[in-house]
file my_file_32.txt (compact mmCIF, C-alpha atoms)
# COMPACT_ATOMS: atom_id res chain seq x y z
CA ALA F 1 0.00 0.00 0.00
CA ALA F 2 2.89 2.35 0.77
CA ALA F 3 4.49 1.78 -2.62
CA GLY F 4 1.49 1.33 -4.89
CA GLY F 5 -1.40 2.97 -3.12
CA ARG F 6 -4.96 1.75 -2.85
CA ARG F 7 -5.08 0.31 -6.35
CA ALA F 8 -2.10 -1.96 -5.64
CA LEU F 9 -3.55 -2.92 -2.27
CA ARG F 10 -6.78 -3.98 -3.99
CA VAL F 11 -4.69 -6.50 -5.96
CA ALA F 12 -2.16 -7.46 -3.26
CA VAL F 13 -4.74 -8.65 -0.73
CA PRO F 14 -6.53 -11.05 -3.11
CA LEU F 15 -3.13 -12.18 -4.43
CA ALA F 16 -1.92 -13.06 -0.94
CA ALA F 17 -5.20 -14.84 -0.19
CA THR F 18 -4.95 -16.81 -3.45
CA VAL F 19 -1.37 -17.86 -2.78
CA TRP F 20 -2.25 -19.01 0.73
CA ALA F 21 -5.33 -20.85 -0.51
CA TYR F 22 -3.24 -22.60 -3.15
CA ASP F 23 -0.45 -23.55 -0.75
CA PHE F 24 -2.62 -24.70 2.14
CA LEU F 25 -5.87 -25.92 0.58
CA LEU F 26 -6.08 -26.18 -3.18
CA LYS F 27 -2.74 -27.39 -4.56
CA GLU F 28 -3.66 -31.09 -4.58
CA THR F 29 -7.31 -30.58 -5.54
CA VAL F 30 -9.06 -30.19 -8.86
CA PHE F 31 -8.99 -26.42 -8.19
CA GLY F 32 -5.18 -26.29 -7.95
CA PRO F 33 -4.46 -25.23 -11.56
CA ALA F 34 -7.15 -22.53 -11.42
CA ALA F 35 -5.78 -21.18 -8.14
CA MET F 36 -2.24 -21.06 -9.53
CA ALA F 37 -3.51 -19.35 -12.68
CA ALA F 38 -5.38 -16.80 -10.57
CA ALA F 39 -2.24 -16.12 -8.54
CA ARG F 40 -0.17 -15.52 -11.69
CA THR F 41 -2.89 -13.32 -13.17
CA LEU F 42 -3.03 -11.21 -10.02
CA ASP F 43 0.78 -11.12 -9.88
CA VAL F 44 0.93 -9.52 -13.34
CA LEU F 45 -1.78 -7.05 -12.36
CA LEU F 46 0.10 -6.15 -9.19
CA GLY F 47 3.26 -5.56 -11.21
CA ALA F 48 1.26 -3.23 -13.44
CA GLY F 49 0.02 -1.30 -10.42
CA GLY F 50 -3.45 -2.77 -10.78
CA ALA F 51 -3.98 -0.96 -14.07
CA ARG F 52 -6.91 -2.23 -16.14
CA PRO F 53 -5.02 -2.04 -19.46
CA ALA F 54 -2.82 -4.88 -18.15
CA LEU F 55 -5.80 -7.21 -17.72
CA ALA F 56 -5.50 -8.85 -21.15
CA ALA F 57 -1.80 -9.59 -20.60
CA ALA F 58 -2.52 -10.85 -17.09
CA LEU F 59 -5.22 -13.20 -18.35
CA THR F 60 -2.86 -14.46 -21.06
CA VAL F 61 -0.25 -15.33 -18.44
CA GLY F 62 -3.00 -16.93 -16.35
CA ALA F 63 -4.14 -19.12 -19.25
CA HIS F 64 -0.58 -20.29 -19.84
CA THR F 65 -0.15 -21.00 -16.14
CA TYR F 66 -3.36 -23.01 -15.96
CA ALA F 67 -2.26 -25.27 -18.82
CA VAL F 68 1.25 -25.85 -17.46
CA THR F 69 -0.03 -26.47 -13.92
CA ALA F 70 -2.59 -28.99 -15.18
CA LEU F 71 0.16 -30.79 -17.10
CA SER F 72 2.46 -30.75 -14.06
CA ARG F 73 0.15 -33.16 -12.26
CA SER F 74 1.45 -35.91 -14.59
CA GLU F 75 5.17 -35.28 -14.09
CA VAL F 76 5.66 -38.38 -11.94
CA ASP F 77 3.54 -41.03 -13.67
CA GLY F 78 3.25 -39.70 -17.21
CA ALA F 79 0.07 -38.70 -18.99
CA LYS F 80 -2.38 -39.83 -21.59
CA PRO F 81 -1.57 -38.05 -24.89
CA ALA F 82 -4.72 -35.93 -24.62
CA LEU F 83 -3.33 -33.91 -21.71
CA PRO F 84 -0.10 -32.70 -23.38
CA ALA F 85 -2.13 -32.20 -26.58
CA ALA F 86 -4.54 -29.92 -24.70
CA THR F 87 -1.57 -28.10 -23.20
CA LEU F 88 -0.04 -27.66 -26.66
CA ALA F 89 -3.37 -26.31 -27.95
CA ALA F 90 -3.46 -23.87 -25.02
CA THR F 91 0.08 -22.72 -25.85
CA ALA F 92 -0.98 -22.11 -29.44
CA GLY F 93 -4.01 -20.16 -28.21
CA VAL F 94 -1.89 -18.10 -25.84
CA GLY F 95 0.58 -17.37 -28.64
CA ILE F 96 -2.23 -16.27 -30.94
CA ALA F 97 -3.87 -14.15 -28.23
CA ALA F 98 -0.57 -12.47 -27.40
CA GLY F 99 0.59 -12.28 -31.00
CA ARG F 100 -0.24 -8.79 -32.16
CA GLY F 101 2.73 -6.49 -31.95
CA GLY F 102 5.92 -5.41 -33.62
CA LEU F 103 9.05 -7.29 -34.59
CA LEU F 104 10.49 -7.61 -31.07
CA SER F 105 7.21 -8.82 -29.62
CA SER F 106 6.81 -11.32 -32.45
CA ALA F 107 10.35 -12.64 -31.98
CA LEU F 108 9.86 -13.09 -28.24
CA LEU F 109 6.47 -14.73 -28.63
CA GLY F 110 7.92 -16.95 -31.35
CA THR F 111 10.59 -18.03 -28.89
CA TYR F 112 7.83 -18.81 -26.40
CA ALA F 113 5.88 -20.86 -28.94
CA VAL F 114 8.86 -22.83 -30.26
CA THR F 115 10.47 -23.67 -26.92
CA THR F 116 7.30 -24.31 -24.95
CA GLY F 117 5.30 -25.87 -27.77
CA GLY F 118 8.20 -28.00 -28.95
CA ALA F 119 8.56 -29.71 -25.59
CA GLN F 120 4.80 -30.16 -25.36
CA TYR F 121 4.73 -31.72 -28.83
CA ASP F 122 7.40 -34.18 -27.70
CA ALA F 123 5.18 -35.07 -24.73
CA VAL F 124 2.22 -35.63 -27.04
CA ARG F 125 4.29 -38.11 -29.08
CA ASP F 126 5.65 -39.81 -25.94
CA PRO F 127 3.72 -38.89 -22.78
CA ALA F 128 6.13 -40.67 -20.42
CA ALA F 129 6.95 -38.93 -17.15
CA GLY F 130 10.33 -37.64 -18.34
CA LYS F 131 8.87 -35.96 -21.42
CA VAL F 132 6.03 -34.49 -19.39
CA ARG F 133 8.55 -33.12 -16.84
CA ARG F 134 10.55 -31.58 -19.66
CA ALA F 135 7.38 -30.00 -21.09
CA VAL F 136 6.46 -28.58 -17.68
CA GLY F 137 9.96 -27.17 -17.25
CA ALA F 138 9.79 -25.62 -20.72
CA GLY F 139 6.41 -24.15 -19.79
CA ILE F 140 7.82 -22.62 -16.64
CA HIS F 141 10.77 -21.16 -18.54
CA GLY F 142 8.39 -20.10 -21.30
CA MET F 143 6.89 -17.55 -18.95
CA ILE F 144 9.97 -15.41 -19.57
CA PRO F 145 9.69 -14.87 -23.34
CA LEU F 146 5.88 -14.78 -23.01
CA GLN F 147 5.99 -11.93 -20.50
CA ALA F 148 8.80 -10.20 -22.40
CA GLY F 149 6.70 -10.38 -25.57
CA LEU F 150 3.70 -8.95 -23.76
CA ILE F 151 5.86 -6.14 -22.41
CA ALA F 152 7.28 -5.44 -25.89
CA ARG F 153 3.72 -5.03 -27.19
CA THR F 154 3.38 -1.95 -24.98
CA GLY F 155 6.43 -0.33 -26.59
CA ALA F 156 8.64 -0.77 -23.52
CA TRP F 157 11.36 -2.53 -25.51
CA ARG F 158 14.12 -1.91 -22.94
CA SER F 159 12.08 -3.58 -20.21
CA ALA F 160 11.16 -6.40 -22.59
CA LEU F 161 14.82 -7.04 -23.42
CA ALA F 162 15.77 -6.94 -19.74
CA VAL F 163 13.17 -9.62 -18.96
CA ALA F 164 14.13 -11.66 -22.03
CA ALA F 165 17.79 -11.61 -20.97
CA ALA F 166 16.88 -13.91 -18.07
CA PHE F 167 15.69 -16.67 -20.42
CA PRO F 168 19.06 -18.25 -21.34
CA PHE F 169 20.17 -18.11 -17.72
CA ALA F 170 16.95 -19.77 -16.53
CA ARG F 171 17.33 -22.54 -19.10
CA ALA F 172 20.97 -23.13 -18.15
CA LEU F 173 20.09 -23.19 -14.46
CA GLY F 174 17.20 -25.55 -15.24
CA ARG F 175 19.73 -28.16 -16.35
CA LYS F 176 21.16 -28.18 -12.84
CA VAL F 177 18.08 -27.51 -10.69
CA SER F 178 14.53 -28.51 -11.61
CA PRO F 179 12.42 -25.45 -12.42
CA THR F 180 9.46 -27.10 -10.72
call {"tool": "encode", "arguments": {"input": "my_file_32.txt", "output": "structure tokens"}}
result
Amino acid sequence: AAAGGRRALRVAVPLAATVWAYDFLLKETVFGPAAMAAARTLDVLLGAGGARPALAAALTVGAHTYAVTALSRSEVDGAKPALPAATLAATAGVGIAAGRGGLLSSALLGTYAVTTGGAQYDAVRDPAAGKVRRAVGAGIHGMIPLQAGLIARTGAWRSALAVAAAFPFARALGRKVSPT
């Protein structure tokens, strides 16, 4: 409230409640993916100071998060091909929804689609636990170029490049420590 005023407080309180609900009640339930998606959506809105123009970007991040979180439930035992296929379709939908923008935004969103979608396609072809885990990790890392592409759409190319710069480091670190 001190940093962002009342508008930020109106987002921070529901965000905190959503995170707590996810951690303590909903994570292992059918509502877990929706709760995680809501938390990520509110997180983007909080970062934007609660501004309404950020709602479309926040919902885009939330849709991506829902799909990856739903897929993550099959990391240990593997999945039926329909689940990674649905996740791949969601990634395509997110890419299309986020896709309007200039060259930088298109390049970043293309990176999102190729890296995230490629791993999900591999999991569709072979939905064993290892491929599903790789697809989930790619989805987690894919948040970086997705958010950078959404930022670039606003014309804030310096901020977009700063966020995008974390992507290769996150992928390298992901080879040593699981992103999940």
call {"tool": "closest_residue", "arguments": {"input": "my_file_32.txt", "among": "F:Ala21, F:Leu15, F:Ala135, F:Ala56", "to": "Arg40 (chain F)", "atoms": "only C-alpha atoms"}}
result
F:Leu15
call {"tool": "closest_atom_pairs", "arguments": {"input": "my_file_32.txt", "of": "region 25-62 of chain F", "to": "region 68-74 of chain F", "cutoff": "10 Å", "atoms": "all atoms listed in the file", "output": "CSV"}}
result
residue,atom,partner,partner_atom,distance
F:Lys27,CA,F:Thr69,CA,9.8
F:Glu28,CA,F:Arg73,CA,8.8
F:Val30,CA,F:Ala70,CA,9.1
F:Phe31,CA,F:Ala70,CA,9.8
F:Gly32,CA,F:Thr69,CA,7.9
F:Pro33,CA,F:Thr69,CA,5.2
F:Ala34,CA,F:Thr69,CA,8.5
F:Ala35,CA,F:Thr69,CA,9.7
F:Met36,CA,F:Thr69,CA,7.3
F:Ala37,CA,F:Thr69,CA,8.0
F:Gly62,CA,F:Val68,CA,9.9
call {"tool": "atom_distance", "arguments": {"input": "my_file_32.txt", "atom1": "CA of Pro14 (chain F)", "atom2": "CA of Ala90 (chain F)"}}
result
25.6 Å
call {"tool": "atom_distance", "arguments": {"input": "my_file_32.txt", "atom1": "CA of Tyr66 (chain F)", "atom2": "CA of Gly155 (chain F)"}}
result
26.9 Å
call {"tool": "atom_distance", "arguments": {"input": "my_file_32.txt", "atom1": "CA of Leu59 (chain F)", "atom2": "CA of Gly47 (chain F)"}}
result
13.5 Å
call {"tool": "residues_near_point", "arguments": {"input": "my_file_32.txt", "point": "(9.7, -24.9, -25.0)", "cutoff": "6 Å", "atoms": "only C-alpha atoms", "output": "PyMOL selection string"}}
result
chain F and resi 114-119+138
